[in-house]
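> Input file: structure15.tsv. Contents: TSV, C-alpha atoms.
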chain	number	residue	atom	x	y	z
A	1	ARG	CA	54.98	10.18	124.57
A	2	ASP	CA	53.51	11.77	127.71
A	3	ARG	CA	55.25	9.14	129.77
A	4	ARG	CA	58.57	9.99	128.14
A	5	LYS	CA	57.93	13.67	128.68
A	6	LYS	CA	57.13	13.05	132.33
A	7	LYS	CA	60.25	10.91	132.74
A	8	GLY	CA	62.37	13.58	131.09
A	9	GLY	CA	60.91	16.21	133.42
A	10	ILE	CA	61.74	14.09	136.47
A	11	ILE	CA	65.33	13.63	135.27
A	12	SER	CA	65.70	17.36	134.65
A	13	THR	CA	64.34	18.10	138.12
A	14	VAL	CA	66.76	15.61	139.70
A	15	ILE	CA	69.68	17.13	137.79
A	16	LEU	CA	68.61	20.60	138.89
A	17	ILE	CA	68.34	19.51	142.53
A	18	VAL	CA	71.77	17.85	142.40
A	19	ALA	CA	73.26	20.98	140.81
A	20	ILE	CA	71.72	23.18	143.51
A	21	CYS	CA	73.07	20.86	146.21
A	22	VAL	CA	76.57	20.89	144.70
A	23	PHE	CA	76.46	24.68	144.41
A	24	ALA	CA	75.23	25.05	147.99
A	25	PHE	CA	77.94	22.70	149.29
A	26	SER	CA	80.64	24.52	147.33
A	27	ALA	CA	79.40	27.89	148.54
A	28	PHE	CA	79.41	26.62	152.14
A	29	GLN	CA	82.97	25.32	151.76
A	30	LEU	CA	84.10	28.67	150.35
A	31	TYR	CA	82.37	30.45	153.21
A	32	LYS	CA	84.20	28.24	155.71
A	33	ILE	CA	87.54	28.93	154.06
A	34	PHE	CA	87.15	32.70	153.86
A	35	ASN	CA	85.56	32.89	157.29
A	36	GLY	CA	88.58	31.03	158.62
A	37	TYR	CA	90.89	33.47	156.86
A	38	HIS	CA	89.01	36.41	158.36
A	39	LYS	CA	89.04	34.99	161.89
A	40	GLY	CA	92.74	34.16	161.65
A	41	GLU	CA	93.63	37.60	160.34
A	42	SER	CA	91.56	39.28	163.05
A	43	GLU	CA	93.26	37.20	165.74
A	44	TYR	CA	96.75	38.19	164.64
A	45	ASP	CA	95.73	41.83	164.26
A	46	ASP	CA	94.54	41.69	167.88
A	47	LEU	CA	97.87	40.20	168.98
A	48	VAL	CA	99.76	43.06	167.33
A	49	LYS	CA	97.57	45.56	169.20
A	50	LEU	CA	98.08	43.67	172.46
A	51	ALA	CA	101.81	43.02	172.40
A	52	VAL	CA	103.52	45.40	169.98
A	53	THR	CA	104.66	48.94	170.63
A	54	GLU	CA	106.03	50.94	167.72
A	55	ASP	CA	107.23	54.51	168.16
A	56	LYS	CA	107.85	56.23	164.85
A	57	GLY	CA	110.80	58.57	164.75
A	58	GLU	CA	112.68	57.33	167.83
A	59	GLN	CA	116.39	57.63	167.15
A	60	GLU	CA	117.93	56.05	170.25
A	61	ASN	CA	117.54	53.31	172.87
A	62	GLY	CA	116.18	50.46	170.83
A	63	THR	CA	116.13	51.78	167.28
A	64	ASP	CA	116.07	48.83	164.92
A	65	ASP	CA	114.18	49.89	161.80
A	66	GLN	CA	115.55	51.26	158.58
A	67	ASP	CA	113.24	54.26	159.02
A	68	GLY	CA	114.33	54.91	162.60
A	69	SER	CA	111.27	53.47	164.31
A	70	ARG	CA	111.40	51.69	167.63
A	71	PHE	CA	109.62	48.35	167.79
A	72	SER	CA	109.15	46.27	170.94
A	73	VAL	CA	107.19	43.17	171.92
A	74	ASP	CA	105.49	42.38	175.25
A	75	PHE	CA	106.31	38.68	175.58
A	76	ASP	CA	104.78	38.49	179.06
A	77	ALA	CA	101.39	39.34	177.55
A	78	LEU	CA	101.90	36.76	174.80
A	79	ARG	CA	102.96	34.03	177.26
A	80	GLN	CA	99.72	34.46	179.15
A	81	ILE	CA	97.91	33.45	175.97
A	82	ASN	CA	100.36	30.83	174.72
A	83	PRO	CA	103.47	29.71	176.63
A	84	ASP	CA	104.85	28.16	173.42
A	85	VAL	CA	105.82	31.61	172.08
A	86	VAL	CA	109.55	31.85	171.35
A	87	ALA	CA	109.88	34.93	169.15
A	88	TRP	CA	108.29	37.58	166.97
A	89	ILE	CA	109.19	37.94	163.29
A	90	ARG	CA	108.84	41.16	161.31
A	91	PHE	CA	109.77	42.60	157.93
A	92	ASP	CA	109.88	46.26	156.93
A	93	GLU	CA	108.34	44.93	153.73
A	94	PRO	CA	106.34	42.81	153.24
A	95	ALA	CA	104.88	44.56	156.29
A	96	VAL	CA	102.13	41.92	156.54
A	97	ILE	CA	104.77	39.55	157.97
A	98	ASN	CA	104.48	40.72	161.55
A	99	TYR	CA	103.69	37.68	163.68
A	100	PRO	CA	104.40	35.79	166.88
A	101	VAL	CA	106.46	32.62	166.46
A	102	VAL	CA	105.86	29.46	168.48
A	103	GLN	CA	107.50	26.07	168.86
A	104	GLY	CA	105.33	23.00	169.28
A	105	SER	CA	106.08	19.47	170.45
A	106	ASP	CA	106.29	18.41	166.80
A	107	ASN	CA	106.10	19.96	163.34
A	108	SER	CA	102.40	19.31	162.83
A	109	GLU	CA	100.89	20.82	165.99
A	110	TYR	CA	100.63	24.38	164.67
A	111	LEU	CA	99.84	23.62	161.04
A	112	SER	CA	96.14	24.17	161.71
A	113	LYS	CA	96.10	25.76	165.16
A	114	THR	CA	96.26	29.50	165.74
A	115	PHE	CA	98.31	31.23	168.42
A	116	LYS	CA	95.24	31.30	170.69
A	117	GLY	CA	94.65	27.59	170.14
A	118	TYR	CA	91.74	27.68	167.70
A	119	ASP	CA	91.42	25.19	164.85
A	120	ASN	CA	92.09	27.19	161.71
A	121	THR	CA	93.91	26.50	158.44
A	122	VAL	CA	95.96	29.69	158.83
A	123	GLY	CA	97.89	27.97	161.62
A	124	THR	CA	100.77	29.73	163.35
A	125	ILE	CA	104.31	30.65	162.33
A	126	PHE	CA	106.47	28.03	164.08
A	127	VAL	CA	110.07	26.98	164.63
A	128	ASN	CA	111.16	23.46	163.70
A	129	ALA	CA	110.64	21.22	166.73
A	130	TYR	CA	114.23	19.94	166.43
A	131	ASN	CA	115.75	23.40	166.78
A	132	HIS	CA	116.62	25.09	170.05
A	133	ALA	CA	114.22	27.91	170.82
A	134	ASP	CA	116.95	30.52	171.40
A	135	PHE	CA	117.97	30.93	167.72
A	136	ASN	CA	121.55	30.00	168.57
A	137	ASP	CA	121.64	26.96	166.27
A	138	ARG	CA	123.65	27.18	163.10
A	139	ASN	CA	120.37	26.99	161.17
A	140	THR	CA	116.92	27.63	162.62
A	141	ILE	CA	114.00	26.75	160.34
A	142	ILE	CA	110.71	28.65	160.62
A	143	TYR	CA	107.58	27.46	158.81
A	144	GLY	CA	104.53	29.42	157.73
A	145	HIS	CA	101.59	28.79	155.42
A	146	TYR	CA	101.14	30.36	152.00
A	147	MET	CA	97.66	31.80	152.57
A	148	TYR	CA	95.61	32.86	149.55
A	149	ASN	CA	94.48	36.07	151.23
A	150	GLY	CA	98.07	37.30	151.31
A	151	THR	CA	98.72	36.66	155.01
A	152	MET	CA	101.26	34.56	156.93
A	153	PHE	CA	104.23	33.73	154.64
A	154	ASN	CA	102.42	34.35	151.34
A	155	GLU	CA	104.29	37.57	150.62
A	156	LEU	CA	107.70	35.94	150.93
A	157	GLU	CA	107.24	35.22	147.24
A	158	GLN	CA	108.18	38.82	146.52
A	159	TYR	CA	111.76	37.76	147.20
A	160	HIS	CA	111.67	35.66	144.06
A	161	GLU	CA	112.96	38.84	142.39
A	162	LYS	CA	116.34	40.36	143.19
A	163	SER	CA	114.86	43.85	142.75
A	164	PHE	CA	112.76	43.32	145.87
A	165	TRP	CA	115.75	42.08	147.85
A	166	GLU	CA	117.66	45.21	146.84
A	167	LYS	CA	114.99	47.36	148.51
A	168	TYR	CA	114.40	45.16	151.56
A	169	PRO	CA	117.45	42.96	152.23
A	170	SER	CA	116.77	42.36	155.94
A	171	PHE	CA	114.24	41.03	158.44
A	172	TYR	CA	114.06	41.04	162.23
A	173	ILE	CA	113.47	38.49	164.96
A	174	TYR	CA	112.65	39.58	168.51
A	175	THR	CA	113.11	37.14	171.41
A	176	PRO	CA	111.89	37.05	175.03
A	177	ASP	CA	115.42	37.76	176.31
A	178	GLY	CA	114.99	41.31	174.97
A	179	LYS	CA	117.29	40.86	171.99
A	180	VAL	CA	116.63	42.03	168.46
A	181	ARG	CA	118.30	39.95	165.75
A	182	MET	CA	118.68	41.43	162.29
A	183	TYR	CA	119.15	38.98	159.42
A	184	LYS	CA	120.35	39.76	155.91
A	185	VAL	CA	118.86	37.64	153.14
A	186	PHE	CA	121.54	35.64	151.31
A	187	ALA	CA	119.46	33.08	149.39
A	188	ALA	CA	115.96	32.75	147.94
A	189	SER	CA	115.32	29.30	146.52
A	190	VAL	CA	112.58	27.06	145.18
A	191	VAL	CA	113.34	23.55	146.44
A	192	LYS	CA	111.70	20.17	146.86
A	193	ASP	CA	110.22	19.41	150.26
A	194	THR	CA	112.82	16.62	150.60
A	195	SER	CA	115.75	18.88	149.65
A	196	ASP	CA	119.03	18.82	151.57
A	197	ALA	CA	118.34	22.50	152.15
A	198	TYR	CA	116.24	21.32	155.13
A	199	ASN	CA	119.19	19.53	156.71
A	200	LEU	CA	119.88	20.59	160.29
A	201	THR	CA	122.80	18.27	161.08
A	202	TYR	CA	126.34	19.38	160.31
A	203	ASN	CA	129.19	17.32	161.77
A	204	SER	CA	131.91	19.82	160.99
A	205	ASP	CA	132.56	23.36	159.82
A	206	GLU	CA	133.22	21.96	156.36
A	207	GLU	CA	129.81	20.29	156.25
A	208	PHE	CA	128.09	23.50	157.24
A	209	GLU	CA	130.03	25.46	154.63
A	210	SER	CA	129.01	22.88	152.02
A	211	TYR	CA	125.42	23.35	153.11
A	212	LEU	CA	125.70	27.13	152.75
A	213	ASN	CA	127.19	26.70	149.28
A	214	LEU	CA	124.26	24.45	148.33
A	215	CYS	CA	121.83	27.15	149.42
A	216	ARG	CA	123.65	29.84	147.48
A	217	GLU	CA	123.82	27.70	144.35
A	218	SER	CA	120.08	26.96	144.44
A	219	SER	CA	119.15	30.62	145.01
A	220	ASN	CA	117.21	32.50	142.34
A	221	TYR	CA	119.95	35.15	142.38
A	222	GLN	CA	123.33	35.83	143.94
A	223	VAL	CA	123.91	38.59	146.51
A	224	ASP	CA	126.97	40.04	148.18
A	225	VAL	CA	126.25	38.84	151.71
A	226	GLU	CA	128.93	36.90	153.58
A	227	VAL	CA	128.19	33.53	155.16
A	228	ASN	CA	130.77	31.18	156.64
A	229	ALA	CA	131.27	28.37	159.15
A	230	GLN	CA	130.70	30.77	162.07
A	231	SER	CA	127.41	32.12	160.69
A	232	GLN	CA	124.03	31.64	162.30
A	233	ILE	CA	121.20	31.56	159.79
A	234	VAL	CA	117.41	31.43	159.76
A	235	SER	CA	115.51	29.61	156.98
A	236	LEU	CA	111.93	30.70	156.31
A	237	SER	CA	109.90	28.02	154.55
A	238	THR	CA	106.53	28.14	152.82
A	239	CYS	CA	104.69	26.53	149.90
A	240	THR	CA	105.04	27.85	146.34
A	241	ASN	CA	101.40	27.53	145.16
A	242	VAL	CA	102.79	25.77	142.06
A	243	LYS	CA	103.56	22.16	142.95
A	244	GLU	CA	102.63	20.28	146.10
A	245	ASP	CA	106.17	19.07	146.70
A	246	GLU	CA	107.80	22.48	146.14
A	247	ARG	CA	108.78	24.96	148.82
A	248	PHE	CA	110.09	28.50	148.78
A	249	LEU	CA	113.02	28.94	151.15
A	250	LEU	CA	114.18	32.43	152.11
A	251	GLN	CA	117.38	32.38	154.13
A	252	GLY	CA	119.01	35.11	156.16
A	253	VAL	CA	122.28	35.32	158.08
A	254	LEU	CA	122.57	37.00	161.46
A	255	ALA	CA	124.12	40.41	160.76
A	256	GLY	CA	123.42	42.28	163.96
A	257	GLU	CA	122.16	41.73	167.50
A	258	TYR	CA	121.23	44.36	170.06
Since I need it in another form, could you write the structure as structure tokens?


Amino acid sequence: RDRRKKKGGIISTVILIVAICVFAFSAFQLYKIFNGYHKGESEYDDLVKLAVTEDKGEQENGTDDQDGSRFSVDFDALRQINPDVVAWIRFDEPAVINYPVVQGSDNSEYLSKTFKGYDNTVGTIFVNAYNHADFNDRNTIIYGHYMYNGTMFNELEQYHEKSFWEKYPSFYIYTPDGKVRMYKVFAASVVKDTSDAYNLTYNSDEEFESYLNLCRESSNYQVDVEVNAQSQIVSLSTCTNVKEDERFLLQGVLAGEY
């Protein structure tokens, strides 16, 4: 009986040690994740402070906000850190989407590399490697992670609801040539990662119009925003946090350039 009791005590001790080890490993993994989130968020906050100038209340020479603010980006400062920078993307709301945009040699380079080149799961907002960097393609795709701390493209999910679009129908892209491009959202869709919505090749105006119709038809809601064969659009892509093969695609058409 004593032997059994001793054996049982050893087993209990082993189980306890294993449980402690599992807990410690899990805690360490969580620490790594949230520490990575914090470092990534701090880096992008620093980039905003370095490169962005926003003058509230300016009413002329560069006004581009709905509230009359003037927003400008110092691309020379950004290039000194990362020459791959091609743009800056910003929303009035969700205001957290206020980031530099890069273009890598392929579509995996910036999945886990920050703007400053550090390994980090937050990655960087980036343009599809097969697009031109000047946003003059018929469709330019921009990718960003759905981060669980609400950063990067997480808050795009607010556009699932038409009520949010009604309040904030536009977003802005700033480019190194000094231009500000304002895009009006015309579709907000949940699609498969293999969907034709990611097609970038259109052999005719008719094919592009068919593509635009596909995007409208798959949208969560319909809006009165015109798109046609002469349109230039931007497609913002992120995960849905529901299924691994699902993506949320928010698409805007160029409505103004100054």

> Report the closest atom pair, with its distance in Å rounded to one decimal, for each residue of region 100-163 of chain A that has an atom no farther than 10 Å from region 231-235 of chain A; count only C-alpha atoms, sort by chain and then rising residue number, and write it as a Markdown table.


| residue | atom | partner | partner_atom | distance |
| --- | --- | --- | --- | --- |
| A:Val127 | CA | A:Ser235 | CA | 9.7 |
| A:Phe135 | CA | A:Val234 | CA | 8.0 |
| A:Asn136 | CA | A:Gln232 | CA | 6.9 |
| A:Asp137 | CA | A:Gln232 | CA | 6.6 |
| A:Arg138 | CA | A:Gln232 | CA | 4.5 |
| A:Asn139 | CA | A:Ile233 | CA | 4.8 |
| A:Thr140 | CA | A:Val234 | CA | 4.8 |
| A:Ile141 | CA | A:Ser235 | CA | 4.7 |
| A:Ile142 | CA | A:Ser235 | CA | 6.1 |
| A:Tyr143 | CA | A:Ser235 | CA | 8.4 |

> Could you work out how far CA of Arg181 (chain A) lies from CA of Gln80 (chain A), giving the answer in Å with one decimal?

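CA of Arg181 (chain A) lies 23.6 Å from CA of Gln80 (chain A).
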
> Can you tell me how far CA of Pro94 (chain A) sits from CA of Glu244 (chain A), in Å to one decimal?

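One can read the CA of Pro94 (chain A) to CA of Glu244 (chain A) distance as 23.9 Å.
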
> Could you give me, as a compact mmCIF listing (two decimals) with C-alpha atoms, keeping the file's coordinate frame, the residues within 9 Å of Glu217 (chain A), counting only C-alpha atoms and dropping anything in the same chain fewer than 5 positions from it?


# COMPACT_ATOMS: atom_id res chain seq x y z
CA ALA A 187 119.46 33.08 149.39
CA SER A 189 115.32 29.30 146.52
CA LEU A 212 125.70 27.13 152.75
CA GLN A 222 123.33 35.83 143.94

> Give me, as a list in words, all polymer residues having an atom no more than 9 Å from Thr194 (chain A), counting only C-alpha atoms and skipping those fewer than 4 positions away in the same chain.

Tyr198, Asp245 and Glu246 of chain A

> With 10 Å as the cut-off and only C-alpha atoms counted, what is the closest atom pair between each nearby residue of region 99-120 of chain A and region 38-54 of chain A? Distances in Å to one decimal, ordered by chain and number, as a tab-separated table.


residue	atom	partner	partner_atom	distance
A:Tyr99	CA	A:Tyr44	CA	7.0
A:Pro100	CA	A:Leu47	CA	8.2
A:Lys113	CA	A:Gly40	CA	9.7
A:Thr114	CA	A:Gly40	CA	7.1
A:Phe115	CA	A:Tyr44	CA	8.1
A:Lys116	CA	A:Glu43	CA	8.0
A:Tyr118	CA	A:Gly40	CA	8.9
A:Asp119	CA	A:Gly40	CA	9.6
A:Asn120	CA	A:Gly40	CA	7.0

> Generate a file of the selected residues that holds C-alpha atoms, formatted as a PDB file, in the frame of the given file.


ATOM      1  CA  TYR A  99     103.690  37.680 163.680  1.00  0.00           C
ATOM      2  CA  PRO A 100     104.400  35.790 166.880  1.00  0.00           C
ATOM      3  CA  LYS A 113      96.100  25.760 165.160  1.00  0.00           C
ATOM      4  CA  THR A 114      96.260  29.500 165.740  1.00  0.00           C
ATOM      5  CA  PHE A 115      98.310  31.230 168.420  1.00  0.00           C
ATOM      6  CA  LYS A 116      95.240  31.300 170.690  1.00  0.00           C
ATOM      7  CA  TYR A 118      91.740  27.680 167.700  1.00  0.00           C
ATOM      8  CA  ASP A 119      91.420  25.190 164.850  1.00  0.00           C
ATOM      9  CA  ASN A 120      92.090  27.190 161.710  1.00  0.00           C
TER      10      ASN A 120
END

> In Å, with one decimal, what is the gap from CA of Val242 (chain A) to CA of Phe186 (chain A)?

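Separation between CA of Val242 (chain A) and CA of Phe186 (chain A): 23.1 Å.
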
> Rank nothing, just name the residue among A:Tyr130, A:Phe153, A:Tyr221, A:Phe248 nearest to Ile89 (chain A), using all atoms listed in the file.

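Of A:Tyr130, A:Phe153, A:Tyr221, A:Phe248, the one nearest Ile89 (chain A) is A:Phe153, counting all atoms listed in the file.
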